[in-house]
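Undergrad: What follows is input35.cif; its format and atoms are mmCIF, C-alpha atoms.
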```cif
data_entry
loop_
_atom_site.label_atom_id
_atom_site.label_comp_id
_atom_site.auth_asym_id
_atom_site.auth_seq_id
_atom_site.Cartn_x
_atom_site.Cartn_y
_atom_site.Cartn_z
CA MET A 1 110.04 110.60 114.97
CA SER A 2 112.53 107.76 114.66
CA TRP A 3 111.55 105.25 111.98
CA SER A 4 113.53 102.53 113.73
CA LEU A 5 111.24 102.96 116.75
CA LEU A 6 108.18 102.77 114.52
CA GLY A 7 109.62 99.72 112.81
CA ALA A 8 110.21 98.06 116.18
CA GLN A 9 106.65 98.87 117.22
CA PHE A 10 105.34 97.41 113.95
CA CYS A 11 107.21 94.14 114.57
CA LEU A 12 106.12 93.95 118.21
CA GLU A 13 102.50 94.55 117.24
CA LEU A 14 102.62 91.69 114.73
CA SER A 15 104.36 89.42 117.25
CA PHE A 16 101.70 90.22 119.85
CA GLY A 17 98.99 89.43 117.30
CA VAL A 18 100.48 86.04 116.41
CA LEU A 19 100.81 85.05 120.07
CA PHE A 20 97.33 86.37 120.85
CA ALA A 21 95.79 84.27 118.07
CA LEU A 22 97.85 81.22 119.02
CA ALA A 23 96.14 81.26 122.42
CA PHE A 24 92.86 80.31 120.72
CA VAL A 25 94.14 77.07 119.19
CA PRO A 26 95.75 75.30 122.19
CA LYS A 27 94.05 71.95 121.63
CA ALA A 28 93.92 71.79 117.84
CA PRO A 29 95.52 68.48 116.72
CA VAL A 30 97.74 70.16 114.13
CA GLY A 31 101.07 68.72 115.27
CA THR A 32 104.20 70.34 116.63
CA LEU A 33 105.17 71.86 113.27
CA PHE A 34 102.26 74.32 113.31
CA TYR A 35 103.20 75.68 116.74
CA ARG A 36 106.88 75.71 115.81
CA LEU A 37 106.13 77.65 112.62
CA MET A 38 103.90 80.28 114.23
CA GLY A 39 106.08 80.51 117.34
CA SER A 40 109.15 81.06 115.18
CA THR A 41 107.31 83.81 113.32
CA ALA A 42 106.72 85.66 116.59
CA MET A 43 110.32 85.03 117.67
CA VAL A 44 111.77 86.41 114.43
CA LEU A 45 109.58 89.51 114.70
CA ASP A 46 110.83 90.06 118.26
CA LEU A 47 114.44 89.66 117.12
CA VAL A 48 113.94 92.22 114.35
CA ALA A 49 112.31 94.59 116.84
CA LEU A 50 115.25 94.11 119.21
CA GLY A 51 117.71 94.90 116.42
CA LEU A 52 115.81 98.06 115.50
CA LEU A 53 115.67 99.19 119.12
CA MET A 54 119.42 98.71 119.46
CA ARG A 55 119.97 100.96 116.43
CA GLU A 56 118.76 103.97 118.39
CA PRO A 57 121.55 106.42 119.35
CA ASP A 58 120.75 106.06 123.07
CA ALA A 59 120.17 102.30 122.93
CA ALA A 60 120.97 100.27 126.05
CA TRP A 61 120.09 96.80 127.26
CA THR A 62 118.56 98.34 130.39
CA GLN A 63 115.93 100.31 128.48
CA PRO A 64 112.37 99.08 129.23
CA ALA A 65 111.50 98.34 125.59
CA VAL A 66 114.70 96.35 125.04
CA LEU A 67 114.27 94.44 128.30
CA ALA A 68 110.62 93.62 127.56
CA THR A 69 111.48 92.34 124.08
CA GLY A 70 114.32 90.23 125.43
CA ILE A 71 112.06 88.78 128.13
CA ALA A 72 109.44 87.92 125.49
CA LEU A 73 112.03 85.85 123.65
CA LEU A 74 112.58 83.66 126.71
CA GLY A 75 109.16 82.07 126.32
CA TYR A 76 109.90 80.79 122.81
CA PRO A 77 111.10 77.27 123.79
CA LEU A 78 107.88 76.70 125.76
CA TYR A 79 105.18 77.86 123.34
CA SER A 80 106.82 76.68 120.11
CA GLY A 81 107.69 73.10 121.00
CA PRO A 82 105.88 69.88 121.81
CA LEU A 83 104.81 71.04 125.28
CA ARG A 84 101.09 71.37 125.97
CA GLY A 85 98.93 72.15 128.96
CA TRP A 86 99.86 74.66 131.63
CA ARG A 87 103.55 74.82 130.63
CA TRP A 88 102.63 75.81 127.07
CA GLY A 89 100.10 78.34 128.38
CA ALA A 90 102.59 79.80 130.84
CA GLY A 91 105.24 80.28 128.16
CA LEU A 92 102.73 81.82 125.78
CA GLY A 93 101.27 84.10 128.46
CA TRP A 94 104.77 85.18 129.54
CA SER A 95 105.74 86.21 126.00
CA LEU A 96 102.35 87.74 125.25
CA LEU A 97 102.50 90.00 128.30
CA ALA A 98 106.14 90.94 127.70
CA THR A 99 105.42 91.82 124.07
CA ALA A 100 102.47 93.99 125.10
CA VAL A 101 104.75 95.79 127.59
CA GLY A 102 107.27 96.23 124.77
CA VAL A 103 104.65 97.91 122.61
CA GLY A 104 103.61 100.16 125.48
CA THR A 105 107.15 101.25 126.30
CA VAL A 106 107.92 102.02 122.66
CA LEU A 107 104.73 104.09 122.51
CA ARG A 108 105.89 106.14 125.49
CA ARG A 109 109.02 107.06 123.54
CA THR A 110 107.32 107.80 120.22
CA MET A 111 104.54 109.83 121.87
CA GLU A 112 106.94 111.88 124.00
CA ASP A 113 105.64 111.38 127.56
CA PRO A 114 101.88 111.13 126.97
CA GLY A 115 99.24 111.42 129.68
CA PHE A 116 97.74 108.25 131.13
CA GLY A 117 94.57 108.53 129.02
CA ASP A 118 96.54 109.19 125.84
CA TRP A 119 98.88 106.27 126.50
CA THR A 120 96.10 103.84 127.43
CA LEU A 121 94.12 104.61 124.29
CA ALA A 122 97.26 104.42 122.16
CA GLY A 123 98.15 101.04 123.67
CA PHE A 124 94.65 99.69 123.05
CA SER A 125 94.72 100.89 119.45
CA ALA A 126 98.22 99.53 118.74
CA LEU A 127 97.61 96.12 120.33
CA SER A 128 94.22 95.67 118.65
CA THR A 129 95.85 96.51 115.31
CA GLY A 130 98.44 93.82 115.94
CA ALA A 131 95.71 91.37 117.01
CA VAL A 132 93.96 91.87 113.67
CA ALA A 133 97.08 91.14 111.61
CA GLY A 134 98.19 88.24 113.79
CA SER A 135 94.80 86.52 114.02
CA VAL A 136 94.01 86.80 110.31
CA GLY A 137 97.48 85.59 109.34
CA LEU A 138 97.38 82.67 111.75
CA ALA A 139 93.86 81.76 110.56
CA MET A 140 95.15 81.69 106.99
CA VAL A 141 97.99 79.32 107.97
CA LEU A 142 95.57 77.14 109.93
CA GLY A 143 93.37 76.95 106.85
CA HIS A 144 96.27 75.45 104.91
CA TRP A 145 96.63 72.77 107.60
CA TYR A 146 93.35 71.20 106.48
CA LEU A 147 95.21 70.00 103.40
CA THR A 148 97.54 67.89 105.54
CA VAL A 149 95.12 67.04 108.37
CA PRO A 150 91.84 66.34 106.51
CA ASN A 151 90.00 65.22 109.66
CA LEU A 152 90.71 68.46 111.50
CA LYS A 153 87.45 69.88 112.84
CA VAL A 154 86.20 73.01 111.11
CA SER A 155 85.29 74.42 114.52
CA HIS A 156 88.95 75.34 115.14
CA LEU A 157 89.05 77.65 112.11
CA SER A 158 85.54 78.97 112.77
CA ARG A 159 86.54 79.95 116.31
CA LEU A 160 89.65 81.72 115.07
CA ASN A 161 87.62 83.53 112.41
CA ARG A 162 85.34 84.87 115.15
CA VAL A 163 88.43 86.05 117.01
CA THR A 164 89.50 88.01 113.92
CA VAL A 165 86.10 89.71 113.81
CA GLY A 166 86.39 90.70 117.46
CA ALA A 167 89.90 92.07 116.89
CA MET A 168 88.74 94.06 113.85
CA LEU A 169 85.84 95.61 115.75
CA ALA A 170 88.16 96.50 118.64
CA SER A 171 90.66 98.06 116.24
CA LEU A 172 87.91 100.01 114.47
CA ALA A 173 86.72 101.33 117.83
CA GLY A 174 90.31 102.27 118.73
CA VAL A 175 90.77 104.28 115.54
CA LEU A 176 87.46 106.10 115.91
CA LEU A 177 88.05 106.87 119.60
CA THR A 178 91.53 108.18 118.77
CA CYS A 179 90.08 110.48 116.11
CA VAL A 180 87.66 111.92 118.67
CA TRP A 181 90.17 112.07 121.56
CA HIS A 182 92.83 113.93 119.54
CA ARG A 183 90.49 115.87 117.24
CA ASP A 184 91.97 119.29 118.16
CA ALA A 185 95.56 118.16 117.59
CA PHE A 186 94.61 116.49 114.29
CA ALA A 187 92.88 119.67 113.11
CA GLU A 188 95.91 121.83 113.96
CA ALA A 189 98.47 119.50 112.31
CA SER A 190 100.40 120.77 109.28
CA THR A 191 98.42 118.22 107.25
CA PRO A 192 95.01 118.04 108.99
CA LEU A 193 93.73 114.50 109.41
CA LEU A 194 90.36 115.48 107.96
CA GLY A 195 91.95 117.33 105.05
CA PRO A 196 92.27 115.72 101.60
CA TRP A 197 95.56 113.89 102.18
CA GLY A 198 94.80 112.94 105.76
CA LEU A 199 91.42 111.53 104.75
CA PHE A 200 93.03 109.60 101.90
CA TYR A 201 95.38 107.77 104.26
CA LEU A 202 92.79 107.40 107.01
CA GLY A 203 90.27 106.11 104.47
CA THR A 204 92.83 103.59 103.20
CA ARG A 205 93.54 102.50 106.77
CA LEU A 206 89.86 101.94 107.52
CA THR A 207 88.72 100.52 104.20
CA VAL A 208 91.67 98.31 103.30
CA GLY A 209 92.78 97.41 106.81
CA LEU A 210 89.43 96.87 108.55
CA LEU A 211 86.19 97.19 106.57
CA LEU A 212 87.10 94.92 103.66
CA PRO A 213 88.63 92.31 106.01
CA LEU A 214 85.38 92.39 108.01
CA LEU A 215 83.49 91.62 104.81
CA PHE A 216 85.96 88.84 104.04
CA ALA A 217 85.51 87.41 107.56
CA TRP A 218 81.77 87.21 106.90
CA MET A 219 82.46 85.43 103.62
CA THR A 220 84.84 83.07 105.41
CA ALA A 221 82.17 82.24 107.96
CA GLY A 222 79.76 81.46 105.11
CA SER A 223 82.26 79.08 103.52
CA LEU A 224 82.91 77.32 106.81
CA LYS A 225 79.21 76.67 107.33
CA PHE A 226 79.51 74.32 104.36
CA GLU A 227 82.91 73.06 105.63
CA ASN A 228 84.57 74.50 102.54
CA THR A 229 87.97 75.16 104.06
CA ARG A 230 89.70 75.71 100.72
CA SER A 231 87.51 78.68 99.81
CA ALA A 232 87.82 80.02 103.36
CA THR A 233 91.62 79.78 103.18
CA GLY A 234 91.69 81.66 99.86
CA ILE A 235 89.56 84.43 101.34
CA LEU A 236 91.79 84.57 104.42
CA TYR A 237 94.87 84.84 102.20
CA ALA A 238 93.44 87.96 100.53
CA SER A 239 92.41 89.33 103.93
CA THR A 240 95.93 88.82 105.29
CA VAL A 241 97.38 90.95 102.51
CA LEU A 242 94.83 93.69 103.21
CA VAL A 243 95.36 93.81 106.97
CA LEU A 244 99.14 93.96 106.57
CA ILE A 245 98.71 96.94 104.25
CA GLY A 246 96.37 98.50 106.80
CA THR A 247 98.85 97.91 109.61
CA ALA A 248 101.65 99.53 107.58
CA VAL A 249 99.42 102.55 106.84
CA SER A 250 98.63 102.73 110.57
CA VAL A 251 102.32 103.02 111.40
CA SER A 252 102.78 105.61 108.66
CA LEU A 253 99.92 107.70 110.09
CA GLN A 254 101.52 107.43 113.52
CA GLY A 255 104.73 108.80 112.05
CA SER A 256 102.78 111.87 110.91
CA TYR A 257 100.35 112.39 113.80
CA LYS A 258 102.31 110.91 116.76
CA VAL A 259 99.55 108.46 117.84
CA PRO A 260 98.51 105.01 116.56
CA LEU A 261 95.58 105.07 114.14
#
```
Could you write out this file's structure as structure tokens?

TA:
Amino acid sequence: MSWSLLGAQFCLELSFGVLFALAFVPKAPVGTLFYRLMGSTAMVLDLVALGLLMREPDAAWTQPAVLATGIALLGYPLYSGPLRGWRWGAGLGWSLLATAVGVGTVLRRTMEDPGFGDWTLAGFSALSTGAVAGSVGLAMVLGHWYLTVPNLKVSHLSRLNRVTVGAMLASLAGVLLTCVWHRDAFAEASTPLLGPWGLFYLGTRLTVGLLLPLLFAWMTAGSLKFENTRSATGILYASTVLVLIGTAVSVSLQGSYKVPL
């Protein structure tokens, strides 16, 4: 399996996650810089993904993954600037949908013409993995904004923290369903998923990438009940590191077993 394709998928997943999380803070009075910073993060990830896709031997601008990534970039001026209201939402929705399509089209290539059920489950797992990384990372950045906007309501960060929990539970469900759906293929692999090495990587994926961040989200919620945004931000910082490691392990497992885990 091409590592440039996996790298492009990794970047698109993270971009999707950032845009997904950004949709839950449309009215937060954080100023244009916050939206410019997070929007630029998604844009850079899309550009890196586009570069990796164009490194493929059969790369062409007409390929679905390349087109979808390019279309996602067109929404950047709308969701990253001073615009608000329906124009901001339209630009964000445009790029969010295009990025999701980009992930799905890359999956079709890495999975080698999967069936509809296989592809749907893979897409759900990949996008929920990206939503975890994007929402936790954006929550961590939002937590830092309380240092510059002291009167910012804690409810904005609390809402985003609940979004991270939902994304983590969805991702956990995606991994477990994938293990059941592909159990025969995983058992027949040269390195069985439930063998010692497979379990080591799968255990790292689950523990580091999902279970510990779930615990940290609970701790964050406890801190926010007392409006202690500094402690919450510190916890979110640690959680961001963990979910990025988990996302990287997920892509590595996909390189070995051909499906997102």

Undergrad: Compare A:Met54, A:Leu6, A:Leu33, A:Ala173 by their minimum atom-to-atom distance to Ala248 of chain A, counting all atoms listed in the file, and give me the closest one.

TA: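 The answer is A:Leu6, which sits nearest to Ala248 of chain A.
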
Undergrad: Between A:Val136, A:Val259, A:Cys179, A:Ala65, which residue has the minimum interatomic distance to Leu194 of chain A, considering all atoms listed in the file?

TA: A:Cys179

Undergrad: Would you please work out which residue, of A:Val106, A:Ala217, A:Ala68, A:Leu212, is nearest to Ala122 of chain A when using all atoms listed in the file?

TA: A:Val106

Undergrad: Which is closest to Val66 of chain A among A:Thr110, A:Leu37, A:Glu188, A:Leu12, if we use all atoms listed in the file?

TA: A:Leu12

Undergrad: Around the point (90.9, 91.2, 113.9) (coordinates from the file), which residues reach within 10 Å if we count all atoms listed in the file? Answer as an MDAnalysis selection string.

TA: chainID A and resid 17 21 128:137 160:172 209:210 213:214 217 243

Undergrad: Separation of atom CA of Phe216 of chain A and atom CA of Met140 of chain A, in Å?

TA: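 About the pair atom CA of Phe216 of chain A and atom CA of Met140 of chain A: they are 12.0 Å apart.
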
Undergrad: So what does the PyMOL selection byres ((chain A and resi 142) around 12) actually pick up in this one, as a ChimeraX atom specification?

TA: /A:21-22,24-25,28-31,33-35,37-38,135-141,143-150,152-161,229-230,232-234,236-237

Undergrad: Determine the nearest neighbour of Asp113 of chain A from the options A:Lys258, A:Ser15, A:Leu244, A:Gly89, counting all atoms listed in the file.

TA: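 Once distances to Asp113 of chain A are computed over all atoms listed in the file, the minimum belongs to A:Lys258.
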
Undergrad: Using all atoms listed in the file, find the one residue out of A:Val251, A:Ala60, A:Val175, A:Leu97 that sits nearest to Phe124 of chain A.

TA: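 Closest to Phe124 of chain A, using all atoms listed in the file: A:Val175.
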
Undergrad: Quick one: everything within 9 Å of segment 114-120 of chain A, counting only C-alpha atoms, minus sequence neighbours fewer than 2 positions away in the same chain. Send it as a ChimeraX atom specification.

TA: /A:104,107-109,111-112,122-125,178,181-182,259

Undergrad: Quick one, how far is atom CA of Ala72 of chain A from atom CA of Tyr257 of chain A?

TA: 28.6 Å

Undergrad: List the spatial neighbours of Leu92 of chain A as a list in words - criterion: any atom at most 9 Å away, only C-alpha atoms, same-chain residues fewer than 4 positions off excluded.

TA: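 Near neighbours after the sequence-gap exclusion: Leu19, Phe20, Leu22, Ala23, Gly75, Tyr76, Leu78, Tyr79, Ser80, Arg87, Trp88, Leu96 and Leu97 of chain A.
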
Undergrad: Write a file of the selected residues as a PDB file, in the frame of the given file, keeping C-alpha atoms.

TA:
```
ATOM      1  CA  LEU A  19     100.810  85.050 120.070  1.00  0.00           C
ATOM      2  CA  PHE A  20      97.330  86.370 120.850  1.00  0.00           C
ATOM      3  CA  LEU A  22      97.850  81.220 119.020  1.00  0.00           C
ATOM      4  CA  ALA A  23      96.140  81.260 122.420  1.00  0.00           C
ATOM      5  CA  GLY A  75     109.160  82.070 126.320  1.00  0.00           C
ATOM      6  CA  TYR A  76     109.900  80.790 122.810  1.00  0.00           C
ATOM      7  CA  LEU A  78     107.880  76.700 125.760  1.00  0.00           C
ATOM      8  CA  TYR A  79     105.180  77.860 123.340  1.00  0.00           C
ATOM      9  CA  SER A  80     106.820  76.680 120.110  1.00  0.00           C
ATOM     10  CA  ARG A  87     103.550  74.820 130.630  1.00  0.00           C
ATOM     11  CA  TRP A  88     102.630  75.810 127.070  1.00  0.00           C
ATOM     12  CA  LEU A  96     102.350  87.740 125.250  1.00  0.00           C
ATOM     13  CA  LEU A  97     102.500  90.000 128.300  1.00  0.00           C
TER      14      LEU A  97
END
```

Undergrad: To one decimal place, how far is atom CA of Leu5 of chain A from atom CA of Gly255 of chain A in Å?

TA: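 Separation between atom CA of Leu5 of chain A and atom CA of Gly255 of chain A: 9.9 Å.
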
Undergrad: Name the residues that the PyMOL selection byres ((chain A and resi 67) around 12) picks from the file above, as a ChimeraX atom specification, using the file's chain letters and numbers.

TA: /A:46,49-50,53-54,59-66,68-74,98-99,101-103,105-106
